[in-house]
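Next up, protein-v6.txt (compact mmCIF, C-alpha atoms and all ligand atoms):
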# COMPACT_ATOMS: atom_id res chain seq x y z
CA MET D 1 31.49 9.89 -3.60
CA PHE D 2 29.20 12.12 -1.48
CA GLY D 3 29.32 14.63 -4.30
CA ASN D 4 28.16 12.01 -6.83
CA LEU D 5 25.33 10.83 -4.60
CA ARG D 6 24.25 14.38 -3.81
CA GLN D 7 24.34 15.32 -7.48
CA GLY D 8 22.37 12.22 -8.44
CA LEU D 9 19.70 12.96 -5.85
CA GLN D 10 19.58 16.60 -6.84
CA ASP D 11 19.15 15.60 -10.50
CA ALA D 12 16.24 13.42 -9.40
CA GLY D 13 14.59 16.53 -7.89
CA VAL D 14 15.43 15.69 -4.27
CA HIS D 15 15.81 18.60 -1.86
CA THR D 16 15.37 16.79 1.46
CA LEU D 17 16.49 13.53 3.06
CA LEU D 18 14.20 11.51 5.26
CA LEU D 19 16.77 9.88 7.52
CA GLN D 20 15.00 6.85 8.95
CA PHE D 21 15.90 4.28 11.55
CA THR D 22 13.80 1.65 13.31
CA ASP D 23 13.21 1.56 17.04
CA ALA D 24 13.02 -1.64 19.06
CA GLN D 25 9.22 -1.59 18.70
CA GLY D 26 9.61 -1.86 14.90
CA CYS D 27 8.44 1.71 14.28
CA ALA D 28 10.09 4.00 11.75
CA LYS D 29 11.63 7.09 13.33
CA GLY D 30 13.84 9.84 11.98
CA LYS D 31 14.32 13.41 10.84
CA LEU D 32 14.16 15.51 7.74
CA VAL D 33 17.56 16.84 6.69
CA PRO D 34 18.14 19.22 3.76
CA LEU D 35 20.12 17.53 0.98
CA ALA D 36 22.95 20.05 1.45
CA HIS D 37 23.78 18.19 4.70
CA LEU D 38 24.09 14.76 3.11
CA GLU D 39 27.76 14.52 3.98
CA GLU D 40 27.13 14.98 7.73
CA VAL D 41 24.34 12.40 7.59
CA LEU D 42 26.71 9.85 6.02
CA GLN D 43 29.73 10.64 8.20
CA ALA D 44 28.77 11.50 11.77
CA GLY D 45 25.03 10.95 11.39
CA ALA D 46 22.18 13.12 12.67
CA GLY D 47 21.81 13.33 16.44
CA PHE D 48 18.76 12.31 18.48
CA ALA D 49 18.09 12.37 22.23
CA GLY D 50 18.96 8.75 23.04
CA PRO D 51 16.49 8.18 25.90
CA SER D 52 13.64 9.46 23.69
CA ILE D 53 14.05 6.39 21.50
CA TRP D 54 12.26 3.25 22.59
CA GLY D 55 14.58 0.51 23.84
CA THR D 56 17.95 2.30 23.85
CA GLY D 57 18.42 2.46 27.63
CA LEU D 58 20.62 5.53 27.01
CA PRO D 59 21.11 8.07 29.83
CA ARG D 60 19.64 11.57 29.83
CA THR D 61 23.01 13.29 30.25
CA GLY D 62 26.62 12.93 29.20
CA PRO D 63 28.34 11.76 26.01
CA ARG D 64 26.22 8.60 25.74
CA ALA D 65 22.95 10.54 25.82
CA GLU D 66 23.21 11.17 22.08
CA TYR D 67 22.04 8.60 19.53
CA TYR D 68 23.33 9.17 16.00
CA ALA D 69 21.60 7.73 12.96
CA ARG D 70 24.32 7.43 10.35
CA GLY D 71 22.97 7.17 6.80
CA ASP D 72 23.78 4.07 4.75
CA ALA D 73 24.53 5.58 1.31
CA ALA D 74 23.45 2.41 -0.52
CA THR D 75 19.86 2.89 0.70
CA ALA D 76 19.28 6.45 -0.58
CA MET D 77 16.09 6.41 -2.64
CA PRO D 78 13.68 9.16 -3.79
CA LEU D 79 10.15 8.48 -2.52
CA PRO D 80 7.58 8.61 -5.33
CA TRP D 81 4.74 9.51 -2.95
CA LEU D 82 6.70 12.34 -1.33
CA PRO D 83 8.11 14.41 -4.20
CA GLY D 84 11.47 15.99 -3.45
CA VAL D 85 12.21 13.63 -0.55
CA ALA D 86 14.61 10.67 -0.52
CA ARG D 87 14.69 8.11 2.26
CA ILE D 88 18.05 7.05 3.60
CA VAL D 89 18.28 4.30 6.21
CA GLY D 90 20.35 5.05 9.31
CA ASP D 91 22.44 2.77 11.53
CA GLY D 92 22.63 3.64 15.23
CA TYR D 93 25.90 5.00 16.64
CA VAL D 94 26.73 6.18 20.15
CA ALA D 95 30.01 7.88 21.10
CA GLY D 96 31.35 7.16 17.61
CA GLN D 97 30.80 3.38 17.87
CA PRO D 98 28.07 1.14 16.40
CA PHE D 99 25.32 1.15 19.02
CA GLU D 100 24.78 -2.40 20.24
CA ALA D 101 21.02 -1.99 20.86
CA CYS D 102 20.17 -0.51 17.43
CA PRO D 103 18.04 -3.19 15.71
CA ARG D 104 19.83 -2.73 12.39
CA GLN D 105 23.19 -3.15 14.15
CA VAL D 106 21.81 -6.23 15.92
CA LEU D 107 21.02 -7.75 12.53
CA ARG D 108 24.39 -6.66 11.12
CA ARG D 109 26.11 -8.55 13.96
CA ALA D 110 24.04 -11.67 13.28
CA LEU D 111 24.80 -11.53 9.56
CA ALA D 112 28.52 -11.08 10.30
CA ARG D 113 28.42 -14.38 12.21
CA LEU D 114 27.04 -16.03 9.09
CA ALA D 115 29.60 -14.29 6.88
CA GLU D 116 32.42 -15.70 9.05
CA ARG D 117 31.30 -19.12 7.83
CA GLY D 118 30.94 -17.95 4.24
CA TRP D 119 27.13 -17.78 4.32
CA THR D 120 24.66 -15.15 3.18
CA LEU D 121 21.05 -15.02 4.31
CA ARG D 122 18.25 -14.08 1.96
CA ILE D 123 14.72 -13.41 3.16
CA GLY D 124 11.44 -12.71 1.42
CA ILE D 125 9.12 -10.97 3.88
CA GLU D 126 5.38 -11.29 3.27
CA PRO D 127 3.38 -8.50 4.89
CA GLU D 128 -0.32 -9.02 5.59
CA PHE D 129 -2.22 -5.94 6.75
CA PHE D 130 -5.64 -4.40 7.26
CA LEU D 131 -7.12 -1.23 5.82
CA LEU D 132 -9.32 0.16 8.59
CA ARG D 133 -11.22 3.20 9.64
CA ARG D 134 -12.46 4.31 12.99
CA GLY D 135 -16.25 3.96 12.77
CA ALA D 136 -18.46 6.73 14.18
CA THR D 137 -20.04 4.48 16.80
CA ALA D 138 -18.78 0.95 16.44
CA GLY D 139 -15.02 1.48 16.89
CA TRP D 140 -12.55 0.11 14.36
CA GLU D 141 -13.88 -1.54 11.22
CA PRO D 142 -12.69 -2.47 7.73
CA ALA D 143 -12.45 0.65 5.57
CA ASP D 144 -14.44 -1.15 2.88
CA GLN D 145 -17.90 -1.66 4.37
CA HIS D 146 -18.94 -3.97 1.56
CA ASP D 147 -16.13 -6.42 2.30
CA ARG D 148 -18.23 -9.03 4.10
CA LEU D 149 -17.90 -12.43 2.41
CA ASP D 150 -17.91 -15.48 4.66
CA LYS D 151 -14.72 -16.68 3.00
CA PRO D 152 -12.84 -13.60 1.83
CA SER D 153 -9.55 -15.26 0.74
CA TYR D 154 -8.62 -14.11 -2.77
CA ASP D 155 -11.93 -12.21 -3.04
CA LEU D 156 -12.09 -10.48 -6.40
CA LYS D 157 -15.21 -8.53 -5.51
CA SER D 158 -13.55 -6.50 -2.78
CA LEU D 159 -10.01 -6.34 -4.15
CA PRO D 160 -10.80 -3.94 -7.03
CA ARG D 161 -12.56 -1.58 -4.60
CA GLN D 162 -9.13 -0.86 -3.15
CA MET D 163 -7.48 -0.63 -6.56
CA GLY D 164 -6.67 3.07 -6.08
CA PHE D 165 -4.66 2.34 -2.94
CA LEU D 166 -3.19 -0.95 -4.11
CA HIS D 167 -2.02 0.40 -7.46
CA ALA D 168 -0.54 3.51 -5.85
CA LEU D 169 1.32 1.22 -3.44
CA GLN D 170 2.54 -1.00 -6.26
CA GLN D 171 3.82 2.05 -8.14
CA ALA D 172 5.42 3.55 -5.05
CA LEU D 173 7.29 0.35 -4.23
CA GLY D 174 8.21 -0.26 -7.88
CA GLY D 175 9.48 3.32 -8.10
CA CYS D 176 11.81 2.53 -5.19
CA GLY D 177 13.23 -0.49 -6.99
CA LEU D 178 11.20 -3.19 -5.26
CA ASP D 179 9.94 -5.96 -7.50
CA VAL D 180 6.27 -6.34 -6.54
CA LEU D 181 5.21 -9.92 -7.27
CA GLN D 182 1.62 -10.39 -6.17
CA ILE D 183 -1.19 -8.60 -4.36
CA ASP D 184 -4.21 -10.38 -2.94
CA HIS D 185 -7.16 -10.14 -0.61
CA GLU D 186 -6.38 -12.13 2.50
CA ASP D 187 -8.68 -14.26 4.60
CA ALA D 188 -10.22 -11.49 6.75
CA HIS D 189 -12.48 -8.57 5.93
CA GLY D 190 -10.35 -5.58 5.01
CA GLN D 191 -7.14 -7.66 4.94
CA TYR D 192 -4.61 -7.72 2.09
CA GLU D 193 -1.17 -9.07 1.30
CA VAL D 194 1.51 -7.54 -0.90
CA ASN D 195 4.53 -9.62 -1.89
CA PHE D 196 7.80 -8.30 -3.21
CA ALA D 197 10.95 -10.17 -4.23
CA HIS D 198 13.35 -11.57 -1.66
CA ASP D 199 16.75 -9.99 -1.12
CA ASP D 200 19.70 -10.03 1.28
CA ALA D 201 18.33 -10.05 4.83
CA LEU D 202 19.32 -6.46 5.67
CA ALA D 203 17.89 -5.09 2.42
CA SER D 204 14.66 -7.04 2.92
CA CYS D 205 14.16 -5.53 6.36
CA ASP D 206 14.85 -2.07 4.91
CA HIS D 207 12.29 -2.84 2.19
CA LEU D 208 9.67 -3.82 4.74
CA MET D 209 10.14 -0.51 6.55
CA LEU D 210 9.82 1.29 3.20
CA PHE D 211 6.64 -0.66 2.51
CA LYS D 212 5.23 0.43 5.88
CA LEU D 213 6.08 4.09 5.21
CA ALA D 214 4.47 3.97 1.77
CA ALA D 215 1.35 2.06 2.81
CA GLN D 216 0.76 4.30 5.82
CA ALA D 217 1.02 7.49 3.75
CA LEU D 218 -1.08 6.21 0.86
CA ALA D 219 -3.82 4.84 3.12
CA GLU D 220 -3.98 8.06 5.12
CA ALA D 221 -4.30 10.08 1.92
CA ARG D 222 -7.44 8.04 1.22
CA GLY D 223 -8.94 8.46 4.67
CA MET D 224 -7.98 4.94 5.79
CA VAL D 225 -5.75 3.55 8.51
CA PHE D 226 -3.05 1.08 7.45
CA SER D 227 -2.83 -1.48 10.24
CA MET D 228 -0.09 -3.97 11.05
CA MET D 229 -1.90 -4.99 14.24
CA PRO D 230 -1.62 -8.79 14.42
CA LYS D 231 -5.28 -9.53 15.17
CA PRO D 232 -7.64 -6.56 15.08
CA PHE D 233 -10.84 -8.66 15.02
CA ALA D 234 -11.41 -11.69 17.25
CA ASP D 235 -13.68 -13.35 14.71
CA GLN D 236 -11.31 -12.90 11.74
CA PRO D 237 -7.83 -14.27 10.98
CA GLY D 238 -4.85 -12.13 11.92
CA SER D 239 -1.90 -10.71 9.99
CA GLY D 240 1.28 -12.71 9.64
CA LEU D 241 4.66 -11.50 8.41
CA HIS D 242 6.03 -14.79 7.12
CA PHE D 243 9.75 -14.99 6.35
CA HIS D 244 10.84 -17.06 3.34
CA VAL D 245 14.39 -18.00 4.22
CA SER D 246 17.34 -19.31 2.23
CA LEU D 247 21.01 -19.55 3.18
CA TRP D 248 23.60 -19.29 0.45
CA GLU D 249 27.18 -20.41 -0.02
CA GLY D 250 27.28 -19.98 -3.77
CA THR D 251 24.22 -22.23 -3.87
CA ARG D 252 21.33 -22.76 -1.47
CA CYS D 253 22.99 -24.71 1.32
CA LEU D 254 19.94 -25.64 3.42
CA PHE D 255 18.80 -28.06 0.71
CA ASP D 256 20.34 -31.20 -0.73
CA PRO D 257 21.31 -30.62 -4.41
CA GLU D 258 21.20 -34.38 -5.11
CA LYS D 259 17.61 -34.86 -3.96
CA PRO D 260 14.16 -33.39 -4.80
CA THR D 261 14.27 -29.62 -4.45
CA ASP D 262 12.47 -29.48 -1.10
CA SER D 263 14.75 -32.03 0.62
CA LEU D 264 16.67 -30.42 3.45
CA SER D 265 20.44 -30.92 3.64
CA PRO D 266 21.90 -31.93 7.03
CA LEU D 267 22.75 -28.24 7.52
CA GLY D 268 19.13 -27.30 6.72
CA ARG D 269 17.81 -29.85 9.20
CA HIS D 270 20.06 -28.49 11.96
CA PHE D 271 19.12 -24.88 11.15
CA ILE D 272 15.41 -25.66 11.32
CA ALA D 273 15.91 -27.71 14.49
CA GLY D 274 17.45 -24.59 16.04
CA LEU D 275 14.37 -22.56 15.09
CA LEU D 276 12.10 -25.17 16.65
CA ALA D 277 14.22 -25.53 19.79
CA HIS D 278 14.21 -21.77 20.42
CA ALA D 279 10.61 -21.20 19.27
CA PRO D 280 9.25 -20.02 22.65
CA ALA D 281 11.93 -17.32 23.01
CA LEU D 282 11.68 -16.37 19.33
CA CYS D 283 8.01 -15.62 19.95
CA ALA D 284 8.95 -12.64 22.11
CA LEU D 285 10.59 -11.01 19.07
CA ALA D 286 8.49 -12.39 16.22
CA ALA D 287 5.16 -11.94 18.02
CA PRO D 288 5.99 -9.07 20.36
CA THR D 289 2.64 -7.63 21.44
CA VAL D 290 -0.16 -8.61 23.81
CA ASN D 291 -2.38 -8.88 20.75
CA SER D 292 0.03 -11.27 18.95
CA TYR D 293 -1.21 -14.14 21.11
CA LYS D 294 -4.78 -13.72 19.90
CA ARG D 295 -3.31 -14.84 16.53
CA LEU D 296 -1.10 -17.68 17.72
CA THR D 297 -3.88 -19.66 19.33
CA VAL D 298 -3.68 -23.35 20.12
CA GLY D 299 -6.93 -25.08 19.17
CA GLU D 300 -10.09 -23.42 17.86
CA SER D 301 -9.89 -19.68 17.41
CA LEU D 302 -12.99 -17.51 17.19
CA SER D 303 -12.17 -17.01 13.53
CA GLY D 304 -12.10 -20.74 12.67
CA THR D 305 -8.92 -21.72 10.84
CA SER D 306 -6.51 -18.83 11.23
CA TRP D 307 -3.50 -20.35 9.42
CA ALA D 308 -1.31 -19.04 12.21
CA PRO D 309 1.15 -21.65 13.46
CA ALA D 310 0.92 -22.62 17.12
CA TYR D 311 2.57 -26.01 16.73
CA VAL D 312 6.34 -26.43 16.87
CA ALA D 313 6.78 -28.68 13.85
CA HIS D 314 8.07 -28.60 10.29
CA GLY D 315 6.92 -30.24 7.10
CA PRO D 316 6.90 -30.04 3.31
CA ASN D 317 4.39 -27.42 2.17
CA ASN D 318 2.69 -27.70 5.55
CA ARG D 319 1.00 -24.41 6.43
CA THR D 320 -0.22 -25.85 9.74
CA ALA D 321 3.35 -26.12 11.06
CA LEU D 322 5.71 -23.43 12.32
CA VAL D 323 8.16 -24.13 9.51
CA ARG D 324 6.89 -24.96 6.04
CA THR D 325 9.58 -26.32 3.72
CA LEU D 326 9.40 -25.43 0.03
CA PRO D 327 11.73 -25.97 -2.93
CA GLY D 328 14.97 -24.15 -2.10
CA ARG D 329 13.66 -22.23 0.90
CA PHE D 330 11.58 -22.55 4.02
CA GLU D 331 8.79 -20.37 5.28
CA TRP D 332 9.04 -19.33 8.93
CA ARG D 333 5.37 -18.69 9.70
CA LEU D 334 5.84 -17.40 13.23
CA PRO D 335 6.36 -13.65 12.75
CA ASP D 336 3.32 -11.41 12.82
CA ALA D 337 2.84 -7.99 11.31
CA SER D 338 3.90 -6.18 14.50
CA ALA D 339 7.39 -7.74 14.56
CA ASN D 340 10.51 -5.64 14.21
CA PRO D 341 11.97 -7.36 11.11
CA TYR D 342 15.61 -6.71 12.08
CA LEU D 343 15.21 -8.27 15.51
CA ALA D 344 13.15 -11.20 14.26
CA ALA D 345 15.77 -11.91 11.56
CA ALA D 346 18.69 -11.60 14.01
CA ALA D 347 16.98 -13.98 16.43
CA LEU D 348 16.31 -16.42 13.58
CA VAL D 349 20.03 -16.44 12.73
CA ALA D 350 21.05 -17.03 16.36
CA ALA D 351 18.61 -19.92 16.71
CA GLY D 352 19.59 -21.47 13.38
CA LEU D 353 23.32 -21.25 14.13
CA ASP D 354 22.76 -22.84 17.53
CA GLY D 355 20.94 -25.70 15.80
CA ILE D 356 23.94 -26.11 13.47
CA ASP D 357 26.57 -25.87 16.23
CA ARG D 358 24.77 -28.40 18.42
CA GLN D 359 23.77 -30.53 15.40
CA LEU D 360 20.16 -30.57 16.59
CA ASP D 361 17.62 -32.83 14.91
CA PRO D 362 14.22 -31.33 14.00
CA GLY D 363 12.45 -34.70 14.11
CA PRO D 364 10.50 -36.23 11.25
CA ASP D 365 8.70 -34.22 8.58
CA CYS D 366 5.13 -33.51 9.58
CA VAL D 367 2.83 -34.14 6.63
CA ASP D 368 -0.46 -34.06 8.52
CA ASP D 369 -2.93 -31.22 8.94
CA LEU D 370 -2.15 -30.31 12.54
CA PHE D 371 -5.24 -28.09 12.72
CA ASP D 372 -7.25 -31.33 12.54
CA TRP D 373 -5.40 -33.00 15.39
CA PRO D 374 -6.86 -32.91 18.89
CA LEU D 375 -4.54 -31.45 21.50
CA ALA D 376 -4.01 -34.84 23.15
CA ARG D 377 -2.61 -36.24 19.88
CA ILE D 378 -0.33 -33.20 19.43
CA ARG D 379 1.06 -33.81 22.91
CA GLU D 380 1.44 -37.57 22.34
CA ALA D 381 3.45 -36.86 19.19
CA GLY D 382 5.79 -34.69 21.28
CA ILE D 383 4.94 -31.58 19.26
CA GLY D 384 5.54 -28.46 21.33
CA LEU D 385 3.05 -25.61 21.69
CA LEU D 386 3.98 -21.97 21.38
CA PRO D 387 3.57 -19.63 24.36
CA GLN D 388 -0.04 -18.51 24.64
CA SER D 389 0.63 -15.07 26.06
CA LEU D 390 3.23 -12.33 25.82
CA ALA D 391 4.10 -12.96 29.47
CA GLN D 392 5.00 -16.60 28.71
CA ALA D 393 7.03 -15.57 25.67
CA LEU D 394 8.98 -13.01 27.71
CA ASP D 395 9.78 -15.62 30.36
CA ALA D 396 11.02 -17.92 27.57
CA LEU D 397 13.17 -15.13 26.14
CA GLU D 398 14.70 -14.31 29.51
CA ALA D 399 15.64 -17.98 29.97
CA ASP D 400 17.17 -18.31 26.48
CA THR D 401 20.84 -17.29 26.50
CA VAL D 402 21.23 -17.87 22.76
CA VAL D 403 18.48 -15.48 21.69
CA CYS D 404 19.37 -12.94 24.40
CA GLY D 405 22.97 -13.21 23.21
CA ALA D 406 21.89 -12.07 19.75
CA LEU D 407 20.15 -9.02 21.19
CA GLY D 408 23.03 -8.13 23.51
CA PRO D 409 22.65 -7.22 27.19
CA VAL D 410 21.37 -3.65 26.73
CA LEU D 411 18.56 -4.50 24.35
CA THR D 412 17.66 -7.66 26.27
CA THR D 413 17.19 -5.67 29.47
CA GLU D 414 15.30 -2.84 27.78
CA PHE D 415 13.13 -5.11 25.68
CA LEU D 416 12.12 -7.23 28.66
CA ARG D 417 11.49 -4.16 30.82
CA LEU D 418 9.30 -2.39 28.27
CA LYS D 419 7.41 -5.48 27.15
CA ARG D 420 6.73 -6.58 30.72
CA ALA D 421 5.29 -3.10 31.33
CA GLU D 422 3.10 -3.58 28.24
CA TRP D 423 1.89 -6.91 29.58
CA LEU D 424 1.17 -5.45 33.02
CA ALA D 425 -0.79 -2.53 31.57
CA TYR D 426 -2.89 -5.04 29.63
CA ALA D 427 -3.34 -7.40 32.57
CA ARG D 428 -4.53 -4.59 34.83
CA HIS D 429 -6.99 -3.29 32.31
CA VAL D 430 -10.66 -4.25 32.70
CA SER D 431 -12.02 -4.99 29.25
CA ALA D 432 -15.50 -4.70 27.76
CA TRP D 433 -15.50 -8.52 27.54
CA GLU D 434 -14.97 -8.84 31.30
CA LEU D 435 -17.75 -6.39 32.10
CA GLU D 436 -20.17 -8.19 29.78
CA ARG D 437 -19.29 -11.53 31.30
CA TYR D 438 -19.08 -10.72 35.01
CA ALA D 439 -20.85 -7.44 35.82
CA ALA D 440 -24.26 -8.98 36.42
CA ALA D 441 -23.19 -12.62 36.64
CA PHE D 442 -22.80 -13.39 40.35
N1 LIG D 501 -2.95 -14.78 8.09
C1 LIG D 501 -2.22 -15.97 8.42
C2 LIG D 501 -1.27 -15.71 9.56
O1 LIG D 501 -1.61 -14.98 10.43
C3 LIG D 501 -1.51 -16.56 7.23
C4 LIG D 501 -2.32 -16.82 6.01
C5 LIG D 501 -1.45 -17.36 4.89
O2 LIG D 501 -0.95 -18.47 5.00
O3 LIG D 501 -1.21 -16.60 3.93
O4 LIG D 501 -0.17 -16.24 9.64
MG MG D 502 -0.97 -14.70 3.42

Just dump the structure as structure tokens.
Amino acid sequence: MFGNLRQGLQDAGVHTLLLQFTDAQGCAKGKLVPLAHLEEVLQAGAGFAGPSIWGTGLPRTGPRAEYYARGDAATAMPLPWLPGVARIVGDGYVAGQPFEACPRQVLRRALARLAERGWTLRIGIEPEFFLLRRGATAGWEPADQHDRLDKPSYDLKSLPRQMGFLHALQQALGGCGLDVLQIDHEDAHGQYEVNFAHDDALASCDHLMLFKLAAQALAEARGMVFSMMPKPFADQPGSGLHFHVSLWEGTRCLFDPEKPTDSLSPLGRHFIAGLLAHAPALCALAAPTVNSYKRLTVGESLSGTSWAPAYVAHGPNNRTALVRTLPGRFEWRLPDASANPYLAAAALVAAGLDGIDRQLDPGPDCVDDLFDWPLARIREAGIGLLPQSLAQALDALEADTVVCGALGPVLTTEFLRLKRAEWLAYARHVSAWELERYAAAF
């Protein structure tokens, strides 16, 4: 089998493997390995210094100091933008065993819990992103200086200016077998969205990482910075990473086959209720940076309507709620572009299963525009608000045994430790805004 795969890759002109795994931060990491060593990559894996990888908690010495990324043969794929190189996705192993804190292993465990009940999870991940450059004097700005409309959603003036990048990206993803569906200008200057077809949850997360690799390389080749920062500009909307979710047992089991296509089945209602009940803890994984909470604002944001969900509610085609139900699937609008897709998906499964096991009720469908509701009315209706800072989200995660259970003890400890350090570094920083506001004020 190795021989066939190696021959196939060689015939496709591949001489080198890019063995890639994802750290807890959601960043692609890895090594280049000559194709001749494919067999080692697939069997033992390539070794890395464990403590040098974010979130492993591995020691600096001894047998557990070594993190192995073991290639998943099914993912081997030549990269059109890097001739001669094929990416292969690695799973984390330590001391010959699946490593519990590897994000891809975390998702595998979550999916195995679904499989025990005969269910498969499919996700369509929708990346929004910015194309930026570092301005000579003014700091970061959209790479396209002419992209300045008041209402830039679906702007066809600016979109073609990035045709070189966008078409190269479309071809790169298509060349890797992804079915690119739509590309549009999003609602902020310099912001775009690329959609590709949904797939099994693990494959979709692998596809998102491939998308990030391709977009980063193709933007850099054009002198631009590809940014998955959730909210680079205070006066513009941020970047979401919405998950379109369906659960399958032969057919789509979150919806009622006897009713209109967007009617949830009892199972679907419990699953969504789990997502709502665990929403504060899920934030820590789906919106994992200090900056994420500039996107998830309750009430007016400096950018006007941001379309980011701060209200813990669900409703048919309701983009102002955390969960928007659609025919045959629901859109989980919480994740932002900085989320590690494997961890966000694993946490989603844990929350959904808890909703099913405890037969939770998500409450009535919300059909109103929640962005129009004053806060007092939101509270009266019993609609919860999402955490408004990373610190609050981390406290919610620490208190949530279901979501921590999905991560496992090692990753829970490491994630909380590193993210609390991130919060503290931010909180201790004195920003330009503070100086402007206070320096001469008193
Ligand atoms: N950019 C919005 C967000 O941060 C979403 C816009 C949309 O609905 O496509 O979630
Ligand atoms: Mg969008």

Cut-off 10 Å, only C-alpha atoms and all ligand atoms, neighbours of ligand LIG 501 (chain D) as a compact mmCIF listing (two decimals) with C-alpha atoms, in the coordinates of the input:
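What landed in out.txt:
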# COMPACT_ATOMS: atom_id res chain seq x y z
CA GLU D 126 5.38 -11.29 3.27
CA PRO D 127 3.38 -8.50 4.89
CA GLU D 128 -0.32 -9.02 5.59
CA PHE D 129 -2.22 -5.94 6.75
CA SER D 153 -9.55 -15.26 0.74
CA ASP D 184 -4.21 -10.38 -2.94
CA HIS D 185 -7.16 -10.14 -0.61
CA GLU D 186 -6.38 -12.13 2.50
CA ASP D 187 -8.68 -14.26 4.60
CA ALA D 188 -10.22 -11.49 6.75
CA GLN D 191 -7.14 -7.66 4.94
CA TYR D 192 -4.61 -7.72 2.09
CA GLU D 193 -1.17 -9.07 1.30
CA PRO D 230 -1.62 -8.79 14.42
CA LYS D 231 -5.28 -9.53 15.17
CA GLN D 236 -11.31 -12.90 11.74
CA PRO D 237 -7.83 -14.27 10.98
CA GLY D 238 -4.85 -12.13 11.92
CA SER D 239 -1.90 -10.71 9.99
CA GLY D 240 1.28 -12.71 9.64
CA LEU D 241 4.66 -11.50 8.41
CA HIS D 242 6.03 -14.79 7.12
CA SER D 292 0.03 -11.27 18.95
CA ARG D 295 -3.31 -14.84 16.53
CA LEU D 296 -1.10 -17.68 17.72
CA THR D 305 -8.92 -21.72 10.84
CA SER D 306 -6.51 -18.83 11.23
CA TRP D 307 -3.50 -20.35 9.42
CA ALA D 308 -1.31 -19.04 12.21
CA PRO D 309 1.15 -21.65 13.46
CA ALA D 310 0.92 -22.62 17.12
CA ASN D 318 2.69 -27.70 5.55
CA ARG D 319 1.00 -24.41 6.43
CA THR D 320 -0.22 -25.85 9.74
CA LEU D 322 5.71 -23.43 12.32
CA GLU D 331 8.79 -20.37 5.28
CA TRP D 332 9.04 -19.33 8.93
CA ARG D 333 5.37 -18.69 9.70
CA LEU D 334 5.84 -17.40 13.23
CA PRO D 335 6.36 -13.65 12.75
CA ASP D 336 3.32 -11.41 12.82
CA ALA D 337 2.84 -7.99 11.31

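Going from CA of Ala381 in chain D to CA of Leu353 in chain D covers 25.8 Å.
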
Next item on the list: With a distance cut-off of 12 Å and only C-alpha atoms, select the neighbouring residues of Gly174 in chain D, excluding the residue or stretch itself and same-chain residues fewer than 3 positions from it, and output the selection as JSON, numbers by chain.
Entry: {"D": [77, 78, 79, 80, 81, 167, 168, 169, 170, 171, 177, 178, 179, 180, 181, 195, 196, 197, 207, 210, 211, 214]}

Check: Nearest to Gln392 in chain D among D:Leu107, D:Ala287, D:Leu202, D:Ala115, with distances taken over all atoms listed in the file: which residue is it?
Finding: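 Answer, going by the shortest atom-to-atom distance: D:Ala287.
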
Check: What is the CA of Thr56 in chain D-CA of Ala24 in chain D distance in Å, reported with one decimal?
Finding: 7.9 Å

Margin query: Please determine, counting all atoms listed in the file, which residue among D:Val194, D:Leu360, D:Leu326, D:Ala110 has the shortest atom-to-atom distance to Phe165 in chain D.
Written below: D:Val194

Margin query: So the first atom is CA of Leu416 in chain D and the second is CA of Tyr67 in chain D; what is the distance between them in Å, to one decimal place?
Written below: 20.8 Å

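For the choices D:Asp147, D:Glu258, D:Asp361, D:Asp23, the atom-to-atom distance to Cys102 in chain D is smallest for D:Asp23 when using all atoms listed in the file.
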
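Near Ala344 in chain D, within 7 Å and counting all atoms listed in the file, sit Leu285, Ala286, Ala339, Asn340 and Leu348 of chain D, not including residues fewer than 4 positions from it in the same chain.
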
Restricted to C-alpha atoms, what would the selected residues look like written as a short mmCIF file (atom, residue, chain, number, x, y, z; two decimals), in the frame of the given file?
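File out.cif, as written:
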data_model
loop_
_atom_site.label_atom_id
_atom_site.label_comp_id
_atom_site.auth_asym_id
_atom_site.auth_seq_id
_atom_site.Cartn_x
_atom_site.Cartn_y
_atom_site.Cartn_z
CA LEU D 285 10.59 -11.01 19.07
CA ALA D 286 8.49 -12.39 16.22
CA ALA D 339 7.39 -7.74 14.56
CA ASN D 340 10.51 -5.64 14.21
CA LEU D 348 16.31 -16.42 13.58
#

Margin query: I'd like to know which of D:Glu116, D:Glu414, D:Glu66, D:Asp199 is closest to Phe99 in chain D, using all atoms listed in the file.
Written below: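 Of the candidates, the smallest distance to Phe99 in chain D is held by D:Glu66.
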
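Near range 45-48 of chain D, within 6 Å and counting all atoms listed in the file, sit D:Glu40, D:Val41, D:Leu42, D:Glu66, D:Tyr67, D:Tyr68, D:Ala69, D:Arg70, not including residues fewer than 3 positions from it in the same chain.
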
Next item on the list: Mind listing whatever residues come within 12 Å of the point (30.5, 14.2, -3.2)? Use only C-alpha atoms, file coordinates, and give them as number ranges by chain.
Entry: D: 1-10, 35-40, 42-43, 73

Show me the residues around (1.7, -31.7, 10.4) - criterion: an atom at most 9 Å away, all atoms listed in the file counted - as a compact mmCIF listing (two decimals) with C-alpha atoms, keeping the file's coordinate frame.
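Output file result.txt is given in full below:
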# COMPACT_ATOMS: atom_id res chain seq x y z
CA TYR D 311 2.57 -26.01 16.73
CA ALA D 313 6.78 -28.68 13.85
CA HIS D 314 8.07 -28.60 10.29
CA GLY D 315 6.92 -30.24 7.10
CA PRO D 316 6.90 -30.04 3.31
CA ASN D 318 2.69 -27.70 5.55
CA ARG D 319 1.00 -24.41 6.43
CA THR D 320 -0.22 -25.85 9.74
CA ALA D 321 3.35 -26.12 11.06
CA ASP D 365 8.70 -34.22 8.58
CA CYS D 366 5.13 -33.51 9.58
CA VAL D 367 2.83 -34.14 6.63
CA ASP D 368 -0.46 -34.06 8.52
CA ASP D 369 -2.93 -31.22 8.94
CA LEU D 370 -2.15 -30.31 12.54
CA PHE D 371 -5.24 -28.09 12.72
CA TRP D 373 -5.40 -33.00 15.39
